[in-house]
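Engineer: The structure that follows is given in the form of structure tokens.
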Amino acid sequence: MIGLVVAASDVTRDVTSAHSIGGAKDLPIPAGLAIAGAVAALAVSFVVLAIAWRTPRFEPGTDGRALPWLTALVDSTAFRLGARVVGLLVVGWAVFAAVFGQDVLNNPFFGMFYVWLWVGLVPASLLLGPVWKAISPARSVHWLVSRATGGDPGRGLYEYPERLGLWPAALGLYAFVWLELVYPYSTELGPVRLWVAVYAAVMLLGGALFGEVFFERADPFEVYSSMVARLSVFGRRSAEVTGTAARGGRPRPPADAGQIVVLSPLSNLSSLPARPGLIAVVSVLFGSTAFDSFRDSTHWVRFIQDTPVIRDRVWANQLANNAGLLAFVLLVALVLVVGTASTGVEAGTRRRGLPVQFAHSVVPIIVGYVVAHYLSYFVEVGQDTVIKASDPLTNGSNLLGTGDLTVSYWLSYHPTFLANTKVLAVVIGHVLGVVAAHDRAIRLLPARHHVTGQLPLLVAMVGFTAGGLYLLFSA
Amino acid sequence: MRLAATALALTAALALAGCGGRADAPSTTPAAPTTAGGTPSGSPSGSASADASPSTPAGTTIDVTVTGSDVQPNGERVKVPVGQPVTLRVTADAPGEVHVHSTPEQEFEYQKGVTELTLTNLDQPGIVEVESHTLDKLILQLQVS
């Protein structure tokens, strides 16, 4: 999980070591369970292909039941301000620990950054919707700065270039996973603090240049959170005229435009905007999580430690890890692009536009795999961080009153339950992904390619799922 | 002016990073207060006298050889039963330190020659990495199940 060189030691630290802030790691899932999961995924895929609906079900932005009271609550000044204050307080606490705390693993900053933020973002967004957008300190500071100078937070000096899409966020996500998985000193205070400072600087500068749209497209955490939020049951009624309304000749936005709606996660997912760079975002997220599993496997450890060229040279070791991460990300992107572009299209349709239209269907597969990969880590190191958060300066104080709590290792003590939950998460993610891809295929592809056109992507998805299960089994 | 205010905020952010950088120099206390239980009930810096102790408890004994910058085994995975102690018989040509990434973590020192290290508290199922802190290499992955 988090490569670390134990901080505060006088031993020379010049070679990457591979351990985690969380102590012991999950056992591999049993082979039988991995195979059962893969077979289930394969079977369900073809069942969906054979018997599922033949006309598109999901109308982006128009499904679901509007909830005026929830909209009124969430959009109220008090609620929005409250969320911002909570975000600033928690992040402020982390910054306090990062700046004034000691460079030891007991500093809660590491857990808050790597576990609460990076991992916790997924369950929070899955349950509540776009959480980071609501609490993002970058947005809050930008808002305060704009107000203080009499500007409009929504407007910048320039228009955000549409072609840039989510590419800046993909780059930011890669910078994060590089820090977490490849950089040898990822649990030393100085480098992590520098990373956060650069992130904050880029966000504030981007906000000033392009306005709030910059956070929506370029903040890696917001893009990740808002993407996962499309799998929650909460969405917003689109203000645009789409789907049947447009075709039915009623070019008016719906009366409840902008309201919060409760809808099926699949319907919600179908409204994920297909912006440039979306493929890169999902590839970085999936590829890096897979690499995280892979680098703990005995294959990789022995390769690094047994190959003389790599073993004896620090730079070669670093290069191998960098190449490993990049290769996993590029492989995911390649499989995804080939799987979505190799379908029959009508004359005149550009294949190059297809991958991004299907990218949303990988999101449930990512979330399922992230749940499997991080579940026990999040629950156990997350609790540990709650305890450590009371002592930001590592001087034995109990400032928040949580210092006396103890961590429940129930999950780790029930490895069979844990393994079953992990495989179930992967399989559910796979099924949702296949259904999402199916619906998009019958919307986009010509009728005669409805079934055959989906096959390459289906094969790609089965490959992702089987690969993920293999890593959970072998790592 | 708005850009000026942003620039100010940026400077503040970078200054935080910068001044923090200076602050961490004195904070690297050598005795890192790692998780409680870091010193197990056995002999943390067991000397050669460990050889003489006849009572090898039930459990697994694994030979570890450290020669120069080489360590054997080399990242291998070994299955051990839950709750049983594991003894590492370390033969080394120089003293060094071993980190055991169990929950909670444990640290041991070994001497030049043969040192027996007894790992207890392996009660929680999982993968426990045993790492040579001195060489920064993974020695073993104990599959506790």
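By order of appearance in the structure tokens: chains A, B, ..., then residues from 1 within every chain, and ligands from 1 in the order shown.
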Which residues come within 7 Å of Tyr470 in chain A, counting only C-alpha atoms, excluding same-chain residues fewer than 4 positions away, as a PDB file with N, CA and C atoms, in the first residue's frame?
Structural biologist:
```pdb
ATOM      1  N   ALA A  34     -11.443 -16.998  -5.945  1.00  0.00           N
ATOM      2  CA  ALA A  34     -11.049 -16.173  -7.092  1.00  0.00           C
ATOM      3  C   ALA A  34     -11.634 -16.753  -8.380  1.00  0.00           C
ATOM      4  N   ALA A 466     -10.954 -10.431 -14.100  1.00  0.00           N
ATOM      5  CA  ALA A 466     -10.155 -11.620 -13.825  1.00  0.00           C
ATOM      6  C   ALA A 466      -8.755 -11.220 -13.368  1.00  0.00           C
ATOM      7  N   SER A 474      -3.021 -13.631  -5.801  1.00  0.00           N
ATOM      8  CA  SER A 474      -1.585 -13.932  -5.834  1.00  0.00           C
ATOM      9  C   SER A 474      -0.754 -12.953  -5.011  1.00  0.00           C
TER      10      SER A 474
END
```
Engineer: At a cut-off of 6 Å, which residues of chain A touch chain B? Count only C-alpha atoms and give the answer as an mmCIF file with C-alpha atoms, in the first residue's frame.
Structural biologist:
```
data_model
loop_
_atom_site.group_PDB
_atom_site.id
_atom_site.type_symbol
_atom_site.label_atom_id
_atom_site.label_comp_id
_atom_site.auth_asym_id
_atom_site.auth_seq_id
_atom_site.Cartn_x
_atom_site.Cartn_y
_atom_site.Cartn_z
ATOM 1 C CA ALA A 8 13.265 9.036 12.094
ATOM 2 C CA SER A 9 16.023 6.556 11.857
ATOM 3 C CA SER A 17 11.354 -0.634 0.565
ATOM 4 C CA GLY A 23 1.244 -3.296 9.726
ATOM 5 C CA ALA A 24 0.012 -6.651 8.474
ATOM 6 C CA LYS A 25 -1.755 -6.940 5.132
ATOM 7 C CA ASP A 26 -4.673 -9.004 3.941
ATOM 8 C CA LEU A 27 -4.195 -12.667 3.238
ATOM 9 C CA VAL A 99 3.764 21.744 9.782
ATOM 10 C CA GLN A 102 7.144 15.420 14.192
ATOM 11 C CA THR A 149 -11.108 41.138 -3.751
ATOM 12 C CA GLY A 190 8.905 16.976 4.119
ATOM 13 C CA ARG A 193 4.096 18.416 2.701
ATOM 14 C CA LEU A 194 5.766 19.723 -0.442
ATOM 15 C CA ALA A 197 1.814 22.713 -1.060
ATOM 16 C CA ALA A 201 -0.633 26.378 -5.267
ATOM 17 C CA ARG A 302 11.929 -11.260 -6.132
ATOM 18 C CA TYR A 413 -9.740 -11.680 12.376
#
```
Engineer: Using only C-alpha atoms, which residues sit within 8 Å of Gly101 in chain A once same-chain residues fewer than 4 positions away are excluded, as a ChimeraX atom specification?
Structural biologist: /A:96-97,107,392-394
Engineer: Could those residues be written to a file, using C-alpha atoms, as an mmCIF file, in the first residue's frame?
Structural biologist:
```
data_model
loop_
_atom_site.group_PDB
_atom_site.id
_atom_site.type_symbol
_atom_site.label_atom_id
_atom_site.label_comp_id
_atom_site.auth_asym_id
_atom_site.auth_seq_id
_atom_site.Cartn_x
_atom_site.Cartn_y
_atom_site.Cartn_z
ATOM 1 C CA PHE A 96 -1.225 21.802 11.676
ATOM 2 C CA ALA A 97 0.108 18.266 12.206
ATOM 3 C CA ASN A 107 1.975 11.813 12.976
ATOM 4 C CA PRO A 392 -0.913 15.861 16.227
ATOM 5 C CA LEU A 393 2.430 16.830 17.764
ATOM 6 C CA THR A 394 3.243 13.328 19.058
#
```
Engineer: Quick one: everything within 9 Å of Lys133 in chain A, counting only C-alpha atoms, minus sequence neighbours fewer than 3 positions away in the same chain. Send it as a PyMOL selection string.
Structural biologist: chain A and resi 130+136+139+215-216+221-223+225-226
Engineer: Using only C-alpha atoms, determine which residues lie at most 8 Å from Ser376 in chain A, disregarding the query and same-chain residues fewer than 6 positions distant; provide the list as a list in words.
Structural biologist: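 Answer for this query is Asp26, Leu411, Ser412 and Leu418 of chain A.
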Engineer: Could you tell me how far CA of Gly61 in chain A sits from CA of His450 in chain A, in Å to one decimal place?
Structural biologist: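 Between CA of His450 in chain A and CA of Gly61 in chain A the gap works out to 23.5 Å.
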Engineer: Figure out the distance between CA of Gly211 in chain A and CA of Trp178 in chain A, please, to one decimal in Å.
Structural biologist: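 Between CA of Trp178 in chain A and CA of Gly211 in chain A the gap works out to 27.7 Å.
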Engineer: What's the separation between CA of Thr307 in chain A and CA of Ala475 in chain A, in Å to one decimal place?
Structural biologist: 19.7 Å
